[in-house]
$ cat entry12.txt   # compact mmCIF, C-alpha atoms
# COMPACT_ATOMS: atom_id res chain seq x y z
CA MET A 1 65.32 330.15 200.66
CA LYS A 2 67.43 327.23 199.48
CA ALA A 3 66.17 323.91 198.20
CA ARG A 4 68.10 320.71 198.32
CA ILE A 5 66.87 317.83 196.21
CA GLU A 6 68.18 314.31 196.55
CA ILE A 7 67.42 311.92 193.73
CA ARG A 8 68.13 308.22 194.10
CA LEU A 9 67.37 305.19 192.01
CA LYS A 10 64.54 303.19 193.56
CA PRO A 11 65.61 300.13 195.52
CA GLY A 12 65.85 297.17 193.16
CA ILE A 13 66.67 299.26 190.08
CA LEU A 14 70.09 298.26 188.73
CA ASP A 15 72.69 301.01 189.25
CA PRO A 16 75.55 300.41 186.78
CA GLN A 17 77.30 303.63 187.80
CA GLY A 18 77.29 302.56 191.45
CA LYS A 19 78.52 299.10 190.43
CA ALA A 20 81.37 300.68 188.45
CA ILE A 21 82.36 302.80 191.45
CA GLY A 22 82.29 299.72 193.70
CA GLY A 23 84.43 297.80 191.22
CA ALA A 24 86.95 300.63 190.94
CA LEU A 25 87.20 300.95 194.73
CA ALA A 26 87.75 297.19 195.03
CA GLY A 27 90.46 297.51 192.37
CA LEU A 28 92.15 300.15 194.51
CA GLY A 29 92.30 297.66 197.35
CA TYR A 30 89.30 298.69 199.45
CA SER A 31 87.63 295.53 200.65
CA GLY A 32 84.51 294.99 202.73
CA LEU A 33 82.36 297.24 200.59
CA GLY A 34 78.74 296.28 200.11
CA GLU A 35 76.38 297.88 197.64
CA VAL A 36 77.37 301.25 196.18
CA ARG A 37 74.62 303.50 194.80
CA GLN A 38 75.04 306.83 193.10
CA GLY A 39 72.39 309.51 193.18
CA LYS A 40 72.07 313.17 192.33
CA LEU A 41 72.11 316.19 194.57
CA ILE A 42 70.58 319.36 193.17
CA GLU A 43 70.71 322.64 195.06
CA ILE A 44 68.50 325.51 193.95
CA ASP A 45 68.61 329.07 195.27
CA LEU A 46 65.16 330.59 195.60
CA PRO A 47 65.98 334.23 196.37
CA THR A 48 62.41 335.51 196.10
CA ALA A 49 60.52 332.61 197.68
CA THR A 50 58.83 333.38 200.99
CA ASP A 51 56.09 330.78 201.27
CA THR A 52 57.55 327.37 202.16
CA GLU A 53 54.38 325.52 201.24
CA SER A 54 54.12 326.88 197.71
CA ALA A 55 57.88 326.49 197.17
CA ALA A 56 57.64 322.84 198.23
CA ARG A 57 54.72 322.33 195.83
CA ASP A 58 56.68 323.89 192.94
CA LEU A 59 59.77 321.82 193.72
CA ASP A 60 57.72 318.64 193.83
CA ALA A 61 56.35 319.48 190.38
CA MET A 62 59.87 320.31 189.09
CA CYS A 63 61.09 316.90 190.25
CA LYS A 64 58.17 315.07 188.68
CA THR A 65 58.38 316.87 185.34
CA LEU A 66 62.10 317.38 184.82
CA LEU A 67 64.59 316.51 187.52
CA ALA A 68 63.72 312.93 188.40
CA ASN A 69 62.27 310.02 186.48
CA PRO A 70 59.36 309.00 188.71
CA VAL A 71 59.34 305.50 187.21
CA THR A 72 62.86 304.62 188.31
CA GLU A 73 63.84 307.27 190.83
CA ASP A 74 62.79 308.50 194.26
CA PHE A 75 63.36 312.08 195.27
CA SER A 76 63.27 314.09 198.46
CA VAL A 77 63.17 317.86 198.82
CA THR A 78 64.45 319.81 201.82
CA LEU A 79 63.96 323.55 202.18
CA SER A 80 66.10 325.75 204.38
CA GLU A 81 66.48 329.48 204.97
CA MET B 1 77.54 300.88 208.74
CA LYS B 2 76.45 303.09 205.88
CA ALA B 3 78.42 305.94 204.36
CA ARG B 4 76.88 308.85 202.57
CA ILE B 5 79.17 311.00 200.47
CA GLU B 6 78.13 314.34 199.04
CA ILE B 7 80.30 315.78 196.30
CA ARG B 8 79.78 319.34 195.12
CA LEU B 9 81.67 321.61 192.78
CA LYS B 10 83.61 324.22 194.75
CA PRO B 11 82.00 327.65 194.90
CA GLY B 12 83.10 329.67 191.91
CA ILE B 13 83.63 326.67 189.64
CA LEU B 14 81.32 326.89 186.64
CA ASP B 15 78.56 324.27 186.73
CA PRO B 16 77.22 323.82 183.18
CA GLN B 17 74.94 320.97 184.25
CA GLY B 18 73.36 323.14 186.94
CA LYS B 19 73.00 325.97 184.44
CA ALA B 20 71.27 323.65 181.98
CA ILE B 21 68.85 322.51 184.68
CA GLY B 22 68.13 326.14 185.62
CA GLY B 23 67.52 327.01 181.97
CA ALA B 24 65.20 324.04 181.46
CA LEU B 25 63.21 324.91 184.60
CA ALA B 26 62.89 328.52 183.42
CA GLY B 27 61.69 327.17 180.06
CA LEU B 28 58.99 325.21 181.88
CA GLY B 29 57.75 328.45 183.41
CA TYR B 30 59.37 328.36 186.85
CA SER B 31 60.54 331.87 187.62
CA GLY B 32 62.38 333.27 190.61
CA LEU B 33 65.09 330.62 190.53
CA GLY B 34 68.59 331.68 191.51
CA GLU B 35 71.67 329.58 191.03
CA VAL B 36 71.22 325.86 190.43
CA ARG B 37 74.10 323.51 191.23
CA GLN B 38 74.26 319.79 190.68
CA GLY B 39 76.35 317.49 192.80
CA LYS B 40 76.73 313.78 193.39
CA LEU B 41 75.43 311.63 196.18
CA ILE B 42 77.17 308.31 196.72
CA GLU B 43 75.95 305.78 199.26
CA ILE B 44 78.17 302.91 200.25
CA ASP B 45 77.20 299.93 202.42
CA LEU B 46 79.99 298.87 204.74
CA PRO B 47 78.61 295.61 206.14
CA THR B 48 81.78 294.58 207.96
CA ALA B 49 82.97 297.98 209.25
CA THR B 50 82.86 298.42 213.00
CA ASP B 51 85.37 301.19 213.69
CA THR B 52 83.95 304.58 212.70
CA GLU B 53 87.32 306.29 212.79
CA SER B 54 89.06 303.91 210.41
CA ALA B 55 86.00 303.82 208.12
CA ALA B 56 86.03 307.63 207.96
CA ARG B 57 89.74 307.58 207.14
CA ASP B 58 89.21 305.04 204.34
CA LEU B 59 86.29 307.01 202.92
CA ASP B 60 88.29 310.22 202.96
CA ALA B 61 91.03 308.45 200.98
CA MET B 62 88.45 307.00 198.54
CA CYS B 63 87.09 310.48 197.89
CA LYS B 64 90.54 311.94 197.35
CA THR B 65 91.75 309.17 195.04
CA LEU B 66 88.66 308.23 193.05
CA LEU B 67 85.29 309.70 193.88
CA ALA B 68 85.95 313.45 193.89
CA ASN B 69 88.34 315.70 192.05
CA PRO B 70 89.97 317.60 194.93
CA VAL B 71 90.94 320.44 192.58
CA THR B 72 87.40 321.34 191.60
CA GLU B 73 85.16 319.55 194.08
CA ASP B 74 84.43 319.55 197.80
CA PHE B 75 83.17 316.43 199.50
CA SER B 76 81.62 315.54 202.82
CA VAL B 77 81.25 312.10 204.35
CA THR B 78 78.59 311.09 206.87
CA LEU B 79 78.58 307.70 208.56
CA SER B 80 75.50 306.13 210.11
CA GLU B 81 74.59 302.75 211.59

$ encode --input "entry12.txt" --output "structure tokens"
Amino acid sequence: MKARIEIRLKPGILDPQGKAIGGALAGLGYSGLGEVRQGKLIEIDLPTATDTESAARDLDAMCKTLLANPVTEDFSVTLSE
Amino acid sequence: MKARIEIRLKPGILDPQGKAIGGALAGLGYSGLGEVRQGKLIEIDLPTATDTESAARDLDAMCKTLLANPVTEDFSVTLSE
């Protein structure tokens, strides 16, 4: 099983990295860009996992305890074969 | 229009950040984890874009010139309304 975790800053939380990217793109001549936000994408191989429900529970706990900061970030987990 | 860009290290390129995450998760007691890879997720608002084809072309150029390192990273762009 493979897990795919997307971690984004919550709406309204200032994203200086996204702002820097937007500024650099504008400097390169790309106009018409609105807000730019940068998030994280974490992919985890789960070679021995068979039970989707317990894997999803574990991944949720991993996000809450280590991968994401629940105060400032939202996360979503997707499992696939 | 909104663009969503996923940037991943190419397969075979060492991912120390992913390795660190895997090690930290193992330290927290999560076993059965295979490879962990970390990538970037960039979301760009394109409030004035109407032509999907030219937006995709611009985004491809942005990735190649600024957002991704084409030597070590793969990227994929998805456009949505």

$ residues_around --input "entry12.txt" --residues "Glu35 in chain B" --least-positions-apart "5" --cutoff "12 Å" --atoms "only C-alpha atoms" --output "list in words"
Met1, Lys2, Ala3, Ile42, Glu43, Ile44, Asp45, Leu46 and Pro47 of chain A; Pro11, Gly12, Leu14, Asp15, Pro16, Gln17, Gly18, Lys19, Ala20, Ile21, Gly22, Gly23, Leu25 and Ala26 of chain B

$ calpha_fit_and_write --input "entry12.txt" --fixed "chain A" --moving "chain B" --output "compact mmCIF listing (two decimals) with C-alpha atoms, keeping the file's coordinate frame"
# COMPACT_ATOMS: atom_id res chain seq x y z
CA MET B 1 65.32 330.13 200.66
CA LYS B 2 67.42 327.23 199.48
CA ALA B 3 66.16 323.90 198.20
CA ARG B 4 68.11 320.71 198.34
CA ILE B 5 66.88 317.84 196.21
CA GLU B 6 68.19 314.31 196.55
CA ILE B 7 67.42 311.91 193.73
CA ARG B 8 68.14 308.22 194.11
CA LEU B 9 67.37 305.19 192.01
CA LYS B 10 64.54 303.18 193.57
CA PRO B 11 65.62 300.11 195.51
CA GLY B 12 65.87 297.17 193.15
CA ILE B 13 66.68 299.26 190.08
CA LEU B 14 70.08 298.29 188.72
CA ASP B 15 72.69 301.02 189.24
CA PRO B 16 75.54 300.43 186.77
CA GLN B 17 77.29 303.64 187.81
CA GLY B 18 77.28 302.56 191.45
CA LYS B 19 78.53 299.13 190.43
CA ALA B 20 81.37 300.69 188.45
CA ILE B 21 82.36 302.80 191.45
CA GLY B 22 82.28 299.72 193.70
CA GLY B 23 84.43 297.80 191.22
CA ALA B 24 86.95 300.63 190.93
CA LEU B 25 87.20 300.95 194.73
CA ALA B 26 87.74 297.19 195.03
CA GLY B 27 90.45 297.51 192.36
CA LEU B 28 92.16 300.14 194.50
CA GLY B 29 92.29 297.66 197.36
CA TYR B 30 89.29 298.69 199.45
CA SER B 31 87.62 295.52 200.65
CA GLY B 32 84.51 294.99 202.73
CA LEU B 33 82.36 297.26 200.58
CA GLY B 34 78.73 296.29 200.12
CA GLU B 35 76.39 297.88 197.65
CA VAL B 36 77.36 301.25 196.19
CA ARG B 37 74.63 303.50 194.79
CA GLN B 38 75.03 306.83 193.10
CA GLY B 39 72.39 309.51 193.17
CA LYS B 40 72.07 313.17 192.33
CA LEU B 41 72.11 316.19 194.57
CA ILE B 42 70.59 319.36 193.17
CA GLU B 43 70.70 322.65 195.05
CA ILE B 44 68.50 325.50 193.95
CA ASP B 45 68.60 329.08 195.27
CA LEU B 46 65.15 330.59 195.58
CA PRO B 47 65.98 334.22 196.35
CA THR B 48 62.42 335.52 196.09
CA ALA B 49 60.51 332.61 197.68
CA THR B 50 58.85 333.38 200.98
CA ASP B 51 56.09 330.78 201.27
CA THR B 52 57.54 327.37 202.16
CA GLU B 53 54.38 325.52 201.23
CA SER B 54 54.12 326.88 197.70
CA ALA B 55 57.89 326.49 197.18
CA ALA B 56 57.64 322.83 198.23
CA ARG B 57 54.73 322.33 195.83
CA ASP B 58 56.69 323.90 192.95
CA LEU B 59 59.77 321.82 193.73
CA ASP B 60 57.73 318.64 193.85
CA ALA B 61 56.36 319.47 190.39
CA MET B 62 59.87 320.28 189.09
CA CYS B 63 61.10 316.89 190.27
CA LYS B 64 58.18 315.07 188.69
CA THR B 65 58.39 316.87 185.35
CA LEU B 66 62.11 317.38 184.82
CA LEU B 67 64.60 316.52 187.52
CA ALA B 68 63.71 312.92 188.40
CA ASN B 69 62.27 310.02 186.48
CA PRO B 70 59.35 309.00 188.72
CA VAL B 71 59.35 305.50 187.21
CA THR B 72 62.86 304.62 188.31
CA GLU B 73 63.84 307.27 190.84
CA ASP B 74 62.78 308.49 194.26
CA PHE B 75 63.36 312.08 195.27
CA SER B 76 63.28 314.08 198.47
CA VAL B 77 63.17 317.85 198.83
CA THR B 78 64.45 319.80 201.83
CA LEU B 79 63.94 323.54 202.17
CA SER B 80 66.08 325.76 204.38
CA GLU B 81 66.47 329.49 204.97

$ residues_around --input "entry12.txt" --residues "range 57-69 of chain A" --least-positions-apart "6" --cutoff "10 Å" --atoms "all atoms listed in the file" --output "PyMOL selection string"
(chain A and resi 3-9+40+42+44+75-79) or (chain B and resi 21+24-25+28+30)

$ atom_distance --input "entry12.txt" --atom1 "CA of Ser54 in chain A" --atom2 "CA of Gly29 in chain B"
14.8 Å

$ atom_distance --input "entry12.txt" --atom1 "CA of Thr72 in chain A" --atom2 "CA of Lys10 in chain A"
5.7 Å

$ atom_distance --input "entry12.txt" --atom1 "CA of Glu73 in chain A" --atom2 "CA of Gly39 in chain A"
9.1 Å

$ closest_residue --input "entry12.txt" --among "B:Gln38, B:Gly32, B:Ser80, B:Gly27" --to "Ala56 in chain B" --atoms "only C-alpha atoms"
B:Ser80

$ closest_residue --input "entry12.txt" --among "B:Arg37, B:Pro70, B:Glu81, B:Asp51" --to "chain A" --atoms "all atoms listed in the file"
B:Arg37

$ decode --input "entry12.txt" --residues "range 21-34 of chain A" --atoms "all heavy atoms" --output "compact mmCIF listing (two decimals), in the first residue's frame"
# COMPACT_ATOMS: atom_id res chain seq x y z
N ILE A 21 8.14 32.76 -3.85
CA ILE A 21 8.01 32.13 -5.17
C ILE A 21 7.25 33.06 -6.11
O ILE A 21 7.65 33.27 -7.26
CB ILE A 21 7.29 30.76 -5.05
CG1 ILE A 21 8.16 29.79 -4.26
CG2 ILE A 21 6.96 30.21 -6.42
CD1 ILE A 21 7.45 28.48 -3.93
N GLY A 22 6.13 33.62 -5.62
CA GLY A 22 5.34 34.53 -6.44
C GLY A 22 6.16 35.73 -6.88
O GLY A 22 6.10 36.16 -8.04
N GLY A 23 6.96 36.28 -5.95
CA GLY A 23 7.80 37.43 -6.29
C GLY A 23 8.85 37.07 -7.32
O GLY A 23 9.11 37.84 -8.26
N ALA A 24 9.46 35.88 -7.18
CA ALA A 24 10.48 35.46 -8.13
C ALA A 24 9.88 35.22 -9.52
O ALA A 24 10.48 35.59 -10.54
CB ALA A 24 11.16 34.19 -7.62
N LEU A 25 8.68 34.64 -9.55
CA LEU A 25 8.02 34.41 -10.85
C LEU A 25 7.67 35.74 -11.51
O LEU A 25 7.84 35.91 -12.72
CB LEU A 25 6.76 33.56 -10.67
CG LEU A 25 7.00 32.08 -10.34
CD1 LEU A 25 5.68 31.39 -10.01
CD2 LEU A 25 7.70 31.35 -11.49
N ALA A 26 7.20 36.70 -10.71
CA ALA A 26 6.90 38.03 -11.27
C ALA A 26 8.18 38.66 -11.81
O ALA A 26 8.19 39.28 -12.88
CB ALA A 26 6.25 38.92 -10.20
N GLY A 27 9.28 38.48 -11.09
CA GLY A 27 10.57 39.00 -11.54
C GLY A 27 11.04 38.38 -12.85
O GLY A 27 11.79 39.00 -13.60
N LEU A 28 10.60 37.15 -13.09
CA LEU A 28 10.95 36.49 -14.36
C LEU A 28 10.02 36.90 -15.49
O LEU A 28 10.16 36.44 -16.62
CB LEU A 28 10.88 34.96 -14.20
CG LEU A 28 12.01 34.30 -13.40
CD1 LEU A 28 11.71 32.81 -13.21
CD2 LEU A 28 13.34 34.46 -14.13
N GLY A 29 9.04 37.73 -15.18
CA GLY A 29 8.18 38.26 -16.22
C GLY A 29 6.81 37.60 -16.32
O GLY A 29 6.03 37.91 -17.21
N TYR A 30 6.50 36.68 -15.38
CA TYR A 30 5.17 36.07 -15.43
C TYR A 30 4.19 36.97 -14.70
O TYR A 30 4.33 37.23 -13.51
CB TYR A 30 5.20 34.68 -14.77
CG TYR A 30 6.07 33.71 -15.53
CD1 TYR A 30 7.32 33.35 -15.06
CD2 TYR A 30 5.64 33.18 -16.74
CE1 TYR A 30 8.14 32.49 -15.77
CE2 TYR A 30 6.45 32.31 -17.46
CZ TYR A 30 7.69 31.97 -16.97
OH TYR A 30 8.48 31.12 -17.68
N SER A 31 3.22 37.48 -15.43
CA SER A 31 2.24 38.36 -14.81
C SER A 31 0.92 37.61 -14.66
O SER A 31 0.76 36.49 -15.13
CB SER A 31 2.05 39.61 -15.67
OG SER A 31 1.67 39.21 -16.97
N GLY A 32 -0.02 38.23 -13.99
CA GLY A 32 -1.34 37.62 -13.84
C GLY A 32 -1.38 36.51 -12.81
O GLY A 32 -2.31 35.71 -12.80
N LEU A 33 -0.36 36.44 -11.95
CA LEU A 33 -0.38 35.41 -10.93
C LEU A 33 -1.07 35.93 -9.68
O LEU A 33 -0.80 37.05 -9.24
CB LEU A 33 1.05 34.99 -10.55
CG LEU A 33 1.93 34.45 -11.68
CD1 LEU A 33 3.29 34.06 -11.14
CD2 LEU A 33 1.27 33.28 -12.36
N GLY A 34 -1.95 35.14 -9.14
CA GLY A 34 -2.57 35.48 -7.86
C GLY A 34 -1.74 34.92 -6.73
O GLY A 34 -0.52 34.88 -6.80
